[in-house]
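What follows is a set of notes on a single structure, which appears directly below.
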There are 4 protein chains.
Amino acid sequence: MLNFDNDYSEGAHPLILQRLQERNLIKQIGYGYDEESKAARELIKAACGLNNSKAEVFFLVGGTQTNMTVLDALLHKTQGVIAAHSGHISVHEAGAVESTGHKVLTLAGKQGKLDAKAVASYLQVFYADANSEHMVQPGAVYLSQPTEYGTLYSKAELAALHAVCQEYQIPLYIDGARLAYALASPFNDVTLPDLAQLCDAFYIGGTKCGALLGEAVIFPQGAPRFFFTSVKQHGALLAKGFVVGTQFKVLFSDNLYTKIGTNAINLALDLSKILEDKGYELYLPTKTNQIFIILKKEQARQLATKVALSFWEQLDVNHEVWRIAISWATTKEQVAALVEVL
Amino acid sequence: MLNFDNDYSEGAHPLILQRLQERNLIKQIGYGYDEESKAARELIKAACGLNNSKAEVFFLVGGTQTNMTVLDALLHKTQGVIAAHSGHISVHEAGAVESTGHKVLTLAGKQGKLDAKAVASYLQVFYADANSEHMVQPGAVYLSQPTEYGTLYSKAELAALHAVCQEYQIPLYIDGARLAYALASPFNDVTLPDLAQLCDAFYIGGTKCGALLGEAVIFPQGAPRFFFTSVKQHGALLAKGFVVGTQFKVLFSDNLYTKIGTNAINLALDLSKILEDKGYELYLPTKTNQIFIILKKEQARQLATKVALSFWEQLDVNHEVWRIAISWATTKEQVAALVEVL
Amino acid sequence: MLNFDNDYSEGAHPLILQRLQERNLIKQIGYGYDEESKAARELIKAACGLNNSKAEVFFLVGGTQTNMTVLDALLHKTQGVIAAHSGHISVHEAGAVESTGHKVLTLAGKQGKLDAKAVASYLQVFYADANSEHMVQPGAVYLSQPTEYGTLYSKAELAALHAVCQEYQIPLYIDGARLAYALASPFNDVTLPDLAQLCDAFYIGGTKCGALLGEAVIFPQGAPRFFFTSVKQHGALLAKGFVVGTQFKVLFSDNLYTKIGTNAINLALDLSKILEDKGYELYLPTKTNQIFIILKKEQARQLATKVALSFWEQLDVNHEVWRIAISWATTKEQVAALVEVL
Amino acid sequence: MLNFDNDYSEGAHPLILQRLQERNLIKQIGYGYDEESKAARELIKAACGLNNSKAEVFFLVGGTQTNMTVLDALLHKTQGVIAAHSGHISVHEAGAVESTGHKVLTLAGKQGKLDAKAVASYLQVFYADANSEHMVQPGAVYLSQPTEYGTLYSKAELAALHAVCQEYQIPLYIDGARLAYALASPFNDVTLPDLAQLCDAFYIGGTKCGALLGEAVIFPQGAPRFFFTSVKQHGALLAKGFVVGTQFKVLFSDNLYTKIGTNAINLALDLSKILEDKGYELYLPTKTNQIFIILKKEQARQLATKVALSFWEQLDVNHEVWRIAISWATTKEQVAALVEVL
């Protein structure tokens with residue numbers, strides 16, 4: 001059966017496995033102090049245009065873990081984090097952020113995106129409220145690029161959000177679980193160096209972008225105090241830190257991270273166009289590696305016997321939104337087979 | 001330079017990398033629902049003699065993460081966990097257990113081991129105390145096999161601890177970060193099926209025993225309520241659960257987990273004997289893959305220029321305890337080179 | 001200057017101070033085990049029609065503390081609590097519930113009230129979601145009677161909410177910070193015995209209803225495990241428990257709690273009618289001791305020089321909602337003086 | 001029956017009840033912003049010799065609550081607090097500190113007292129440890145004056161501890177639950193102004209020293225960021241803050257706080273001497289309002305039929321330590337009656 005269920009179904013890019021193989025029996029220092037991890041950090045900093053000595057890079061294992069660890073480190077104990085209603089931290093992380101004691105303060109988004117004006121308005125109203133010291137102080141802003149809906153923030157939009165955060169002196173944190181697919185999109189105008197300028201912390205996703213597992217957290221202006229110990233305390237520190245470091249070294253050598261994204265984006269945009277030509281209605285214009293199509297309920301049931309897709313949401317009584325996910329490993333042949341079925 | 005610093009310096013057993021390679025581009029279901037993980041769970045249950053339908057196996061990523069996640073799931077919010085003063089959760093996990101709200105209640109151990117009588121006495125005194133409802137209730141017992149000092153609990157000792165726990169109806173949880181080295185030791189009489197009978201939860205370490213990373217948690221009588229969601233909430237759920245599942249499938253095929261331990265134990269016991277013959281004083285009799293030797297300060301400084309060992313503790317003004325760690329990947333040649341130096 | 005800012009501006013009902021005075025130098029047992037507290041618990045149970053042996057009553061100090069302590073005791077670590085967007089726990093308690101690790105799952109309310117159908121729909125959608133085990137499980141429902149807007153749940157509405165909770169086997173918890181004013185309202189048809197039948201936990205507010213401080217938590221079917229210790233752990237256990245117990249003994253002798261509410265309600269309803277007659281527009285029909293009026297901005301500024309009211313919210317560019325709060329201690333003369341000013 | 005069980009059995013000093021009565025129906029601002037609380041804060045600052053503008057005073061309700069709230073505000077999320085094994089936060093607060101995520105790092109004390117050298121040694125060893133970033137960083141020092149054993153720190157001892165804290169730039173926090181009894185002791189040389197100089201935060205106990213309830217927290221150099229909101233978040237903020245403020249205003253007018261202590265100390269020292277003269281063995285020399293005597297088991301059983309004392313600990317098979325507590329309200333007649341019985 002065909003499978004377009006998600007973008008974390010396959011293992012790692014072959015070059016990654018090859019490198020792990022080559023280094024396998026070489027003794028390496030633990031906890032990320034090894035040479036591979038060091039090299040990976042330098043490659044990432046270079047790709048982000050971070051030549052300052054303050055910038056720091058850490059390797060963690062998964063997305064939920066990264067979000068909860070970074071936000072817990074950024075937030076004062078009395079603070080919460082602003083996110084869109086549909087933000088991954090608010091909906092699909094089992095309350096990990098709240099389990100560290102912090103409220104997720106949600107605002108309505110547009111296609112999964114936070115709006116700078118809405119955030120500014122929220123902050124203004126908060127500080128104007130005579131009762132604000134009885135309330136959860138907004139202590140950071142969270143967004144994902146691309147969003148959970150595959151939509152993209154433009155550079156201007158990010159700059160506007162960053163300006164609001166700067167005004168209120170709270171950090172902007174960007175979840176880049178699928179960042180490779182944003183970077184490779186023709187609809188995107190936000191580069192890695194832009195991100196490094198426009199936020200206080202972000203992570204470059206590995207798990208969904210070609211690694212076996214692992215996420216790289218970047219603090220362009222330096223990490224919060226005691227962050228290494230925070231990582232340990234959250235159970236996020238790998239004894240064999242080199243397992244993730246090595247993978248990011250490969251991903252950031254020879255532009256692999258960009259290439260991985262490009263392949264997926266090309267396939268996704270082609271497929272999206274074919275679907276529209278065939279008369280399928282898209283729920284959202286396709287911008288990255290996720291295609292959201294509207295299907296009649298019966299249509300969806302039939303399709304489900306031949307191809308695994310992700311149910312997204314109920315649109316109305318008769319229609320449903322389904323997600324087709326393309327990954328770095330998806331092949332032209334697989335897409336062709338899907339087109340056949342559709 | 002020679003390196004006997006720890007047992008997590010190398011990658012994975014070659015058969016593991018081979019299997020990851022074979023399965024690399026096969027699409028697998030996420031979050032541990034894949035076929036490899038399922039097979040691994042069955043192999044582990046079989047190795048533990050768990051044929052009942054209640055037993056459950058989960059795959060997590062690292063030791064601190066596993067300890068905090070399991071203990072948080074086992075403990076009521078008002079409870080703490082009993083451990084030896086030297087227990088890993090008490091000393092070397094950055095307060096991960098406390099970060100989930102639970103006190104670690106420490107008792108003096110003997111060579112890192114908890115004594116059943118001491119635990120029984122603690123529990124008896126606690127419940128006899130008129131103020132006990134103002135205190136942290138002991139809600140579980142934690143120990144590691146082998147301990148942080150490489151010592152081993154005998155089957156009789158575990159049975160005695162288990163009986164105390166049963167009497168007070170609190171779970172016994174065993175940290176098996178280095179379990180392969182316990183299982184392979186000639187000084188050990190506790191098998192996997194014994195463990196499955198004598199505790200309520202334990203984990204079989206992968207990270208230090210041949211895997212790239214990963215730990216297998218076993219609940220012989222079933223997991224606590226909502227454990228899957230607990231794992232997610234602690235940031236411990238891998239999207240690509242198959243990365244760990246696959247590794248444990250390999251480790252529990254053809255007795256690999258046992259073989260891995262045996263190689264290390266043989267080398268460690270040989271080396272330990274040679275050291276004694278050469279006049280080195282051991283801090284503790286060698287039982288597993290860790291050798292603790294007493295060195296004069298100067299001796300240690302000189303040695304440090306040729307071989308990486310772990311400083312353990314200050315014995316007295318002139319002497320220090322240092323640890324030599326043998327891993328599944330250590331070779332005869334490496335040991336011979338070390339003997340040369342010593 | 002006149003003051004109708006809130007209902008916690010005065011001390012305690014004179015009979016309470018008198019009783020504290022009488023008992024002042026009598027040695028009493030600590031932590032709520034004294035005779036006054038015992039008597040108070042029995043009086044409360046009787047008032048709630050709870051003659052069963054399971055019912056338990058605890059005395060805590062304040063509202064936020066009570067909400068966080070009770071909810072933390074009711075919820076599994078992976079669960080959150082459903083509340084209206086305007087729910088006190090979600091907006092005005094500084095994230096106390098989240099600080100114990102639990103998400104507040106908010107639904108749109110109507111005039112501050114949760115709707116049984118909306119809750120049922122939320123629960124149904126949640127359990128139908130294939131990803132629900134990655135999400136925060138709704139583990140309890142929170143509401144306040146009266147609500148933050150002074151509105152009231154009818155007995156039928158509570159019964160409907162209770163039925164939904166029963167169906168999903170989750171507790172219904174009712175915040176009665178201002179319960180005296182609900183019980184005394186002619187618009188109310190929910191008695192204390194009704195509450196005891198229709199929820200799993202509720203608290204009878206003392207702080208805003210005639211006590212110096214203190215809230216009485218009732219668990220009609222028994223408290224969660226180890227609740228006494230939970231109270232202690234949350235810093236909510238008074239050494240001198242009798243200070244609160246004595247007050248509730250007075251409040252539940254000779255129907256004082258009801259009388260206290262009645263006086264306030266009578267004044268509030270009279271005042272509300274006078275305001276309407278004078279042409280003031282109410283934001284919501286007055287049901288309890290809080291009157292919400294709509295004022296033009298300038299009007300509000302002028303009024304603010306003569307009487308202290310609470311700003312509630314911005315209605316539109318030119319209008320604001322302000323709250324007039326009547327307490328158990330408000331006198332006819334004070335109301336007359338306010339009418340004069342208005 | 002006679003009762004010397006503890007020092008929180010009675011209500012409040014008569015002058016306190018009188019003042020509460022006088023102010024009872026005067027409308028006061030909530031949350032500690034009232035005039036009584038303001039005046040109380042100024043009186044406390046004056047008594048502490050704090051004329052700087054930085055010093056801040058907050059009123060909380062109980063001891064456990066105060067300790068958990070203050071320590072949670074002082075500690076970074078990765079830090080723990082150093083205390084004596086017998087420290088109240090470690091033993092008798094139901095894990096309140098751990099429930100906020102912080103480990104209590106215990107050191108052996110002498111008669112309940114921490115030793116500056118032991119603390120310095122702990123800190124030195126910690127920072128010398130190559131693994132310290134994997135461990136809980138000591139982020140504050142906690143002690144109580146008087147201690148749980150009624151012993152006193154001298155000014156020199158506190159200065160030494162403070163110097164160690166200064167050297168490591170961590171705050172020293174002093175629990176003064178029974179501070180009135182320390183201040184009034186002839187064995188004490190530490191004044192309130194000394195305390196204000198020698199620590200970063202301390203609290204002046206009200207509950208056990210003449211108030212109905214309430215503790216006053218002093219931050220001589222200013223409170224941690226957002227402390228008001230922290231108090232709220234911990235459920236420790238009283239709507240009727242004036243209930244505690246008023247009491248402290250009375251306690252710090254006309255030296256009442258000192259007088260209250262003096263009466264108790266005089267009675268305690270007299271009684272202690274009488275007991276020694278009668279041949280009773282003291283477990284510790286009596287320094288404050290608590291007398292610890294050694295009784296044979298049978299003796300204790302007999303005594304228990306006539307007078308309520310507190311069991312303290314088992315000394316050996318045949319002997320037990322019992323505590324006689326004198327409070328601000330204890331009378332000469334009560335002591336005489338106790339002498340009669342003994």
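We name chains A, B, ... following the order of the structure tokens; residues begin at 1 in each chain, and ligands are numbered from 1 as shown.
Using only C-alpha atoms, we find that the part of chain B lying within 7 Å of chain D comprises B:Val91, B:His92, B:Glu93, B:Ala94, B:Gly95, B:Glu98, B:Ser99, B:Thr100, B:Gly101, B:His102, B:Lys103, B:His134, B:Met135, B:Val136.
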Distance of atom CA of A:Phe226 from atom CA of A:Tyr168, expressed in Å to one decimal place: 23.8 Å
Selection near stretch 81-86 of chain B, 8 Å with only C-alpha atoms, sequence-local residues under 3 positions removed, as an MDAnalysis selection string: chainID B and resid 71 75 89:91 102:109 112:114 119 138:143 148
Residue neighbourhood D:Gly214, 9 Å, only C-alpha atoms, exclusion window fewer than 6 positions, as JSON, numbers by chain: {"D": [59, 60, 61, 62, 63, 205, 206, 207, 243, 244, 245, 247, 248]}
Within 8 Å of D:Arg41 using only C-alpha atoms, minus same-chain residues under 6 positions, as a list in words: Glu56, Val57, Phe58, Gly245 and Lys249 of chain D
Produce a file of the selected residues containing C-alpha atoms, as a PDB file, in the first residue's frame.
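In the end it all went to out21.pdb:
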ATOM      1  CA  GLU D  56      10.611  44.821  50.500  1.00  0.00           C
ATOM      2  CA  VAL D  57       8.198  43.105  52.863  1.00  0.00           C
ATOM      3  CA  PHE D  58       5.441  40.656  51.904  1.00  0.00           C
ATOM      4  CA  GLY D 245      -1.091  43.224  57.638  1.00  0.00           C
ATOM      5  CA  LYS D 249       1.115  46.241  62.523  1.00  0.00           C
TER       6      LYS D 249
END
All residues 12 Å or closer to stretch 183-189 of chain D, only C-alpha atoms, same chain fewer than 3 positions away omitted, as a PyMOL selection string: chain D and resi 145-146+150-159+176-180+192-195+204-205+209+255-269+285-290+328
Next, the residues of the selection above should be written as a PDB file, in the first residue's frame with C-alpha atoms.
ATOM      1  CA  GLN D 145      16.533  30.618  63.619  1.00  0.00           C
ATOM      2  CA  PRO D 146      15.840  29.130  66.088  1.00  0.00           C
ATOM      3  CA  GLY D 150      15.439  25.192  69.552  1.00  0.00           C
ATOM      4  CA  THR D 151      19.119  25.920  69.100  1.00  0.00           C
ATOM      5  CA  LEU D 152      20.447  29.294  68.004  1.00  0.00           C
ATOM      6  CA  TYR D 153      22.938  30.506  65.475  1.00  0.00           C
ATOM      7  CA  SER D 154      25.286  33.105  66.927  1.00  0.00           C
ATOM      8  CA  LYS D 155      25.941  36.278  65.011  1.00  0.00           C
ATOM      9  CA  ALA D 156      29.426  34.990  64.227  1.00  0.00           C
ATOM     10  CA  GLU D 157      28.027  31.724  62.880  1.00  0.00           C
ATOM     11  CA  LEU D 158      25.520  33.516  60.679  1.00  0.00           C
ATOM     12  CA  ALA D 159      28.196  35.889  59.454  1.00  0.00           C
ATOM     13  CA  GLY D 176      12.028  32.550  61.373  1.00  0.00           C
ATOM     14  CA  ALA D 177       8.847  30.660  62.201  1.00  0.00           C
ATOM     15  CA  ARG D 178       9.703  31.049  65.897  1.00  0.00           C
ATOM     16  CA  LEU D 179      11.856  34.141  65.567  1.00  0.00           C
ATOM     17  CA  ALA D 180      10.238  35.955  68.512  1.00  0.00           C
ATOM     18  CA  LEU D 192      16.587  41.872  63.545  1.00  0.00           C
ATOM     19  CA  PRO D 193      18.969  44.426  62.002  1.00  0.00           C
ATOM     20  CA  ASP D 194      21.686  41.767  62.126  1.00  0.00           C
ATOM     21  CA  LEU D 195      19.447  39.351  60.257  1.00  0.00           C
ATOM     22  CA  ILE D 204       9.361  36.772  60.775  1.00  0.00           C
ATOM     23  CA  GLY D 205       6.936  34.184  62.058  1.00  0.00           C
ATOM     24  CA  CYS D 209       4.413  34.084  67.761  1.00  0.00           C
ATOM     25  CA  ASN D 255       7.654  46.190  70.801  1.00  0.00           C
ATOM     26  CA  LEU D 256       4.885  43.657  71.162  1.00  0.00           C
ATOM     27  CA  TYR D 257       6.762  41.042  69.110  1.00  0.00           C
ATOM     28  CA  THR D 258       9.670  41.215  71.536  1.00  0.00           C
ATOM     29  CA  LYS D 259       7.495  41.195  74.633  1.00  0.00           C
ATOM     30  CA  ILE D 260       5.620  38.143  73.406  1.00  0.00           C
ATOM     31  CA  GLY D 261       8.862  36.266  73.076  1.00  0.00           C
ATOM     32  CA  THR D 262      10.216  37.383  76.409  1.00  0.00           C
ATOM     33  CA  ASN D 263       7.304  36.042  78.397  1.00  0.00           C
ATOM     34  CA  ALA D 264       7.668  32.622  76.797  1.00  0.00           C
ATOM     35  CA  ILE D 265      11.421  32.521  77.197  1.00  0.00           C
ATOM     36  CA  ASN D 266      11.283  33.445  80.860  1.00  0.00           C
ATOM     37  CA  LEU D 267       8.813  30.685  81.560  1.00  0.00           C
ATOM     38  CA  ALA D 268      10.753  28.184  79.483  1.00  0.00           C
ATOM     39  CA  LEU D 269      14.095  28.886  81.127  1.00  0.00           C
ATOM     40  CA  PRO D 285      20.384  22.769  76.722  1.00  0.00           C
ATOM     41  CA  THR D 286      17.271  24.968  76.601  1.00  0.00           C
ATOM     42  CA  LYS D 287      17.852  28.124  74.612  1.00  0.00           C
ATOM     43  CA  THR D 288      14.397  29.190  73.464  1.00  0.00           C
ATOM     44  CA  ASN D 289      10.777  28.181  74.066  1.00  0.00           C
ATOM     45  CA  GLN D 290      11.229  24.481  73.441  1.00  0.00           C
ATOM     46  CA  TRP D 328       3.496  33.478  74.043  1.00  0.00           C
TER      47      TRP D 328
END
Every residue of stretch 198-263 of chain D that DSSP places in strand (DSSP E or B), as number ranges by chain: D: 201-205, 215-219
Convert the current residue selection to file output with C-alpha atoms, as a PDB file, in the first residue's frame.
ATOM      1  CA  ALA D 201      15.660  36.824  52.666  1.00  0.00           C
ATOM      2  CA  PHE D 202      14.082  35.833  55.939  1.00  0.00           C
ATOM      3  CA  TYR D 203      10.678  35.592  57.449  1.00  0.00           C
ATOM      4  CA  ILE D 204       9.361  36.772  60.775  1.00  0.00           C
ATOM      5  CA  GLY D 205       6.936  34.184  62.058  1.00  0.00           C
ATOM      6  CA  GLU D 215       4.311  35.342  58.198  1.00  0.00           C
ATOM      7  CA  ALA D 216       6.236  38.442  57.115  1.00  0.00           C
ATOM      8  CA  VAL D 217       8.864  37.895  54.435  1.00  0.00           C
ATOM      9  CA  ILE D 218      11.667  40.443  54.257  1.00  0.00           C
ATOM     10  CA  PHE D 219      13.988  40.911  51.309  1.00  0.00           C
TER      11      PHE D 219
END
Close residues, B:Leu309 itself excluded, 7 Å, only C-alpha atoms, min 5 positions apart in chain, as a ChimeraX atom specification: /B:3-5,322-324
Write a file of the just-selected residues containing all heavy atoms, as a JSON list (two decimals), in the first residue's frame.
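In the end it all went to out34.json:
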[["chain", "number", "residue", "atom", "x", "y", "z"],
["B", 3, "ASN", "N", 41.69, 4.95, 25.82],
["B", 3, "ASN", "CA", 40.47, 5.51, 26.40],
["B", 3, "ASN", "C", 39.64, 4.43, 27.08],
["B", 3, "ASN", "O", 39.07, 3.55, 26.42],
["B", 3, "ASN", "CB", 39.67, 6.20, 25.28],
["B", 3, "ASN", "CG", 38.51, 6.96, 25.84],
["B", 3, "ASN", "OD1", 37.90, 6.56, 26.83],
["B", 3, "ASN", "ND2", 38.19, 8.08, 25.21],
["B", 4, "PHE", "N", 39.61, 4.50, 28.40],
["B", 4, "PHE", "CA", 38.77, 3.60, 29.18],
["B", 4, "PHE", "C", 37.86, 4.43, 30.09],
["B", 4, "PHE", "O", 37.54, 4.06, 31.21],
["B", 4, "PHE", "CB", 39.63, 2.63, 30.01],
["B", 4, "PHE", "CG", 40.30, 1.58, 29.17],
["B", 4, "PHE", "CD1", 41.49, 1.85, 28.48],
["B", 4, "PHE", "CD2", 39.73, 0.33, 29.02],
["B", 4, "PHE", "CE1", 42.09, 0.89, 27.68],
["B", 4, "PHE", "CE2", 40.34, -0.64, 28.23],
["B", 4, "PHE", "CZ", 41.53, -0.36, 27.55],
["B", 5, "ASP", "N", 37.50, 5.57, 29.56],
["B", 5, "ASP", "CA", 36.77, 6.57, 30.33],
["B", 5, "ASP", "C", 35.35, 6.13, 30.67],
["B", 5, "ASP", "O", 34.85, 6.37, 31.76],
["B", 5, "ASP", "CB", 36.73, 7.86, 29.48],
["B", 5, "ASP", "CG", 36.11, 9.00, 30.23],
["B", 5, "ASP", "OD1", 36.21, 9.03, 31.46],
["B", 5, "ASP", "OD2", 35.52, 9.88, 29.57],
["B", 322, "TRP", "N", 39.92, 5.71, 40.88],
["B", 322, "TRP", "CA", 39.69, 5.93, 39.45],
["B", 322, "TRP", "C", 38.97, 4.72, 38.87],
["B", 322, "TRP", "O", 39.14, 3.59, 39.31],
["B", 322, "TRP", "CB", 41.01, 6.15, 38.70],
["B", 322, "TRP", "CG", 41.59, 7.51, 38.99],
["B", 322, "TRP", "CD1", 42.26, 7.91, 40.12],
["B", 322, "TRP", "CD2", 41.54, 8.66, 38.13],
["B", 322, "TRP", "NE1", 42.63, 9.23, 40.03],
["B", 322, "TRP", "CE2", 42.20, 9.72, 38.82],
["B", 322, "TRP", "CE3", 41.01, 8.90, 36.86],
["B", 322, "TRP", "CZ2", 42.33, 10.99, 38.27],
["B", 322, "TRP", "CZ3", 41.16, 10.17, 36.31],
["B", 322, "TRP", "CH2", 41.80, 11.20, 37.01],
["B", 323, "ARG", "N", 38.13, 5.00, 37.87],
["B", 323, "ARG", "CA", 37.37, 3.92, 37.25],
["B", 323, "ARG", "C", 37.88, 3.59, 35.86],
["B", 323, "ARG", "O", 38.10, 4.48, 35.03],
["B", 323, "ARG", "CB", 35.89, 4.32, 37.13],
["B", 323, "ARG", "CG", 35.04, 3.19, 36.57],
["B", 323, "ARG", "CD", 33.63, 3.65, 36.27],
["B", 323, "ARG", "NE", 33.61, 4.53, 35.10],
["B", 323, "ARG", "CZ", 32.51, 5.01, 34.54],
["B", 323, "ARG", "NH1", 31.33, 4.73, 35.07],
["B", 323, "ARG", "NH2", 32.57, 5.79, 33.48],
["B", 324, "ILE", "N", 38.08, 2.31, 35.62],
["B", 324, "ILE", "CA", 38.39, 1.80, 34.28],
["B", 324, "ILE", "C", 37.10, 1.16, 33.76],
["B", 324, "ILE", "O", 36.58, 0.24, 34.37],
["B", 324, "ILE", "CB", 39.49, 0.72, 34.32],
["B", 324, "ILE", "CG1", 40.78, 1.30, 34.92],
["B", 324, "ILE", "CG2", 39.73, 0.14, 32.92],
["B", 324, "ILE", "CD1", 41.83, 0.23, 35.23]]
Backbone DSSP call of alpha helix (DSSP H) for stretch 78-211 of chain B, listed as number ranges by chain: B: 88-91, 96-99, 116-128, 155-167, 179-183, 192-198
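Rounded to one decimal, atom CA of B:Glu298 and atom CA of B:Gly279 lie 16.4 Å from each other.
When atom CA of A:Ala46 is paired with atom CA of A:Asp200, their separation reads 16.9 Å.
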